[in-house]
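Colleague: I am attaching a structure below and will ask some questions about it afterwards.
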Amino acid sequence: MDSKKDTHLRKLLSAAAAAGEDKKAEDIRILRLDPSESGLTDYFLICTGQNDRQNLAITDEIELRLKREFGLAPNSVEGRRQAEWILMDYVDFIVHVFSAEKRAFYGLERLRKSATVLSLADLNTKIRAAIASGRKRTPATAKKITVAKGASAASVRKAVARKVASAKTAAKKALAKKAGKTRKRADTKGVK
């Protein structure tokens with residue numbers, strides 16, 4: 001799996017786990033599944049609620065947060081009616097919200113012995129590391145802003161604002177030029 005996709009997937013998992021924590025989900029576990037054993041998905045997010053109503057609240061919060069922050073809705077949701085085991089399929093990961101009895105009975109963690117257990121702290125550390133390594137790489141076309149050593153914060157903000165304004169102006173000019181060419185072509189097509 002490429003690092004950008006993996007980083008994005010870890011952000012999704014982190015947001016889903018945080019949404020579960022906000023609704024007091026217990027024993028949250030993230031399992032990275034072994035690709036040789038699981039062709040269905042890459043991760044399981046497993047958590048437990050105290051009762052059916054809390055299980056529904058947890059899944060509603062996860063769905064709402066992923067929709068709001070990432071524009072992502074689950075492909076399918078199973079088990080809402082009984083709410084003892086609710087499964088939310090996001091293709092690359094599956095969220096399982098169990099009652100304590102159903103989680104003990106089905107024991108997904110036992111069935112997936114080859115899976116790697118990730119803690120939320122590990123997940124967030126990996127996300128921060130990926131973001132930091134991405135920031136270190138600057139595109140060759142990016143122009144640096146030079147500021148005198150010891151410059152005030154206000155002068156730095158002004159320099160950045162000037163650079164952004166000039167980039168916006170250049171982008172507007174390029175769009176206007178492109179639109180003018182398109183208009184010219186459309187005008188010449190009508191004339192014979």
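Going through the structure tokens in order, the chains are called A, B, and so on, while each chain numbers its residues from 1 and the ligands are numbered from 1 in the order shown.
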Fewer than 4 positions away in the same chain doesn't count, so skip those; otherwise give me all residues within 12 Å of Gln54 in chain A, counting only C-alpha atoms, as a VMD selection string.

Modeller: chain A and resid 20 to 26 47 to 50 58 to 61 80 83 to 86 97 to 100

Colleague: Take the residues that were just selected and, keeping C-alpha atoms, output them as a PDB file, in the first residue's frame.

Modeller:
ATOM      1  CA  GLY A  20     -16.078   6.260  19.375  1.00  0.00           C
ATOM      2  CA  GLU A  21     -14.149   7.610  22.363  1.00  0.00           C
ATOM      3  CA  ASP A  22     -16.343  10.719  22.394  1.00  0.00           C
ATOM      4  CA  LYS A  23     -19.387   8.475  22.802  1.00  0.00           C
ATOM      5  CA  LYS A  24     -17.680   6.474  25.579  1.00  0.00           C
ATOM      6  CA  ALA A  25     -16.886   3.352  23.543  1.00  0.00           C
ATOM      7  CA  GLU A  26     -14.746   0.908  25.523  1.00  0.00           C
ATOM      8  CA  CYS A  47     -15.123  -1.373  20.155  1.00  0.00           C
ATOM      9  CA  THR A  48     -17.730  -2.117  22.808  1.00  0.00           C
ATOM     10  CA  GLY A  49     -20.742  -0.167  24.029  1.00  0.00           C
ATOM     11  CA  GLN A  50     -22.600  -0.583  27.313  1.00  0.00           C
ATOM     12  CA  ILE A  58     -21.301   5.318  18.683  1.00  0.00           C
ATOM     13  CA  THR A  59     -22.053   4.291  15.094  1.00  0.00           C
ATOM     14  CA  ASP A  60     -24.016   7.476  14.427  1.00  0.00           C
ATOM     15  CA  GLU A  61     -21.109   9.596  15.691  1.00  0.00           C
ATOM     16  CA  ARG A  80     -28.656  -1.409  13.466  1.00  0.00           C
ATOM     17  CA  ALA A  83     -27.723  -3.076  17.832  1.00  0.00           C
ATOM     18  CA  GLU A  84     -25.811  -5.887  19.550  1.00  0.00           C
ATOM     19  CA  TRP A  85     -23.240  -6.019  16.755  1.00  0.00           C
ATOM     20  CA  ILE A  86     -23.233  -3.165  14.275  1.00  0.00           C
ATOM     21  CA  VAL A  97     -19.447  -2.010  17.478  1.00  0.00           C
ATOM     22  CA  PHE A  98     -20.353  -4.815  19.875  1.00  0.00           C
ATOM     23  CA  SER A  99     -22.245  -5.333  23.066  1.00  0.00           C
ATOM     24  CA  ALA A 100     -19.913  -6.891  25.659  1.00  0.00           C
TER      25      ALA A 100
END

Colleague: Quick one: DSSP helix (DSSP H, G or I) residues in range 28-77 of chain A, as a PyMOL selection string?

Modeller: chain A and resi 52-70

Colleague: Would you save the residues of that selection, restricted to C-alpha atoms, as a JSON list (two decimals), in the first residue's frame?

Modeller:
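As a result, result-v9.json now contains:
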[["chain", "number", "residue", "atom", "x", "y", "z"],
["A", 52, "ASP", "CA", -27.92, -1.03, 22.43],
["A", 53, "ARG", "CA", -28.65, 2.70, 22.63],
["A", 54, "GLN", "CA", -24.98, 3.52, 23.19],
["A", 55, "ASN", "CA", -23.97, 1.24, 20.29],
["A", 56, "LEU", "CA", -26.28, 3.23, 18.02],
["A", 57, "ALA", "CA", -24.87, 6.52, 19.33],
["A", 58, "ILE", "CA", -21.30, 5.32, 18.68],
["A", 59, "THR", "CA", -22.05, 4.29, 15.09],
["A", 60, "ASP", "CA", -24.02, 7.48, 14.43],
["A", 61, "GLU", "CA", -21.11, 9.60, 15.69],
["A", 62, "ILE", "CA", -18.55, 7.67, 13.61],
["A", 63, "GLU", "CA", -20.70, 8.00, 10.50],
["A", 64, "LEU", "CA", -21.33, 11.70, 11.10],
["A", 65, "ARG", "CA", -17.68, 12.54, 11.77],
["A", 66, "LEU", "CA", -16.31, 10.68, 8.75],
["A", 67, "LYS", "CA", -18.98, 12.24, 6.54],
["A", 68, "ARG", "CA", -18.33, 15.76, 7.88],
["A", 69, "GLU", "CA", -14.52, 15.66, 7.95],
["A", 70, "PHE", "CA", -13.76, 13.45, 4.94]]

Colleague: Report, in Å with one decimal, the straight-line distance from CA of Ile28 in chain A to CA of Val95 in chain A.

Modeller: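 Result for CA of Ile28 in chain A versus CA of Val95 in chain A: 10.4 Å, one decimal.
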
Colleague: I need the strand (DSSP E or B) residues of range 55-112 of chain A per DSSP on the backbone, written as a list in words.

Modeller: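 The residues of range 55-112 of chain A classed as strand (DSSP E or B) are Ser76, Val77, Glu78, Trp85, Ile86, Leu87, Met88, Asp89, Phe93, Ile94, Val95, His96, Val97, Phe98 and Ser99 of chain A.
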
Colleague: Would you write out those residues with C-alpha atoms, as a PDB file, in the first residue's frame?

Modeller:
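Output contents, as saved in out-v3.pdb:
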ATOM      1  CA  SER A  76     -23.239  -0.601   4.039  1.00  0.00           C
ATOM      2  CA  VAL A  77     -24.311  -0.808   7.652  1.00  0.00           C
ATOM      3  CA  GLU A  78     -25.570  -4.040   9.193  1.00  0.00           C
ATOM      4  CA  TRP A  85     -23.240  -6.019  16.755  1.00  0.00           C
ATOM      5  CA  ILE A  86     -23.233  -3.165  14.275  1.00  0.00           C
ATOM      6  CA  LEU A  87     -20.923  -3.464  11.284  1.00  0.00           C
ATOM      7  CA  MET A  88     -20.026  -0.428   9.165  1.00  0.00           C
ATOM      8  CA  ASP A  89     -18.235  -1.226   5.899  1.00  0.00           C
ATOM      9  CA  PHE A  93     -11.665  -0.694   6.962  1.00  0.00           C
ATOM     10  CA  ILE A  94     -14.640  -2.139   8.801  1.00  0.00           C
ATOM     11  CA  VAL A  95     -16.011  -0.798  12.073  1.00  0.00           C
ATOM     12  CA  HIS A  96     -17.470  -3.349  14.504  1.00  0.00           C
ATOM     13  CA  VAL A  97     -19.447  -2.010  17.478  1.00  0.00           C
ATOM     14  CA  PHE A  98     -20.353  -4.815  19.875  1.00  0.00           C
ATOM     15  CA  SER A  99     -22.245  -5.333  23.066  1.00  0.00           C
TER      16      SER A  99
END

Colleague: Can you list, as a PDB file with C-alpha atoms, in the first residue's frame, every protein, DNA or RNA residue that comes within 9 Å of Val91 in chain A when you count only C-alpha atoms, leaving out same-chain residues fewer than 6 positions away?

Modeller:
ATOM      1  CA  LEU A  40     -11.897  -7.974   2.043  1.00  0.00           C
ATOM      2  CA  THR A  41     -10.364  -5.096   3.964  1.00  0.00           C
ATOM      3  CA  ASP A  42      -7.136  -3.754   5.466  1.00  0.00           C
ATOM      4  CA  PRO A  74     -20.149   3.681   4.685  1.00  0.00           C
ATOM      5  CA  ASN A  75     -20.923   1.349   1.776  1.00  0.00           C
TER       6      ASN A  75
END
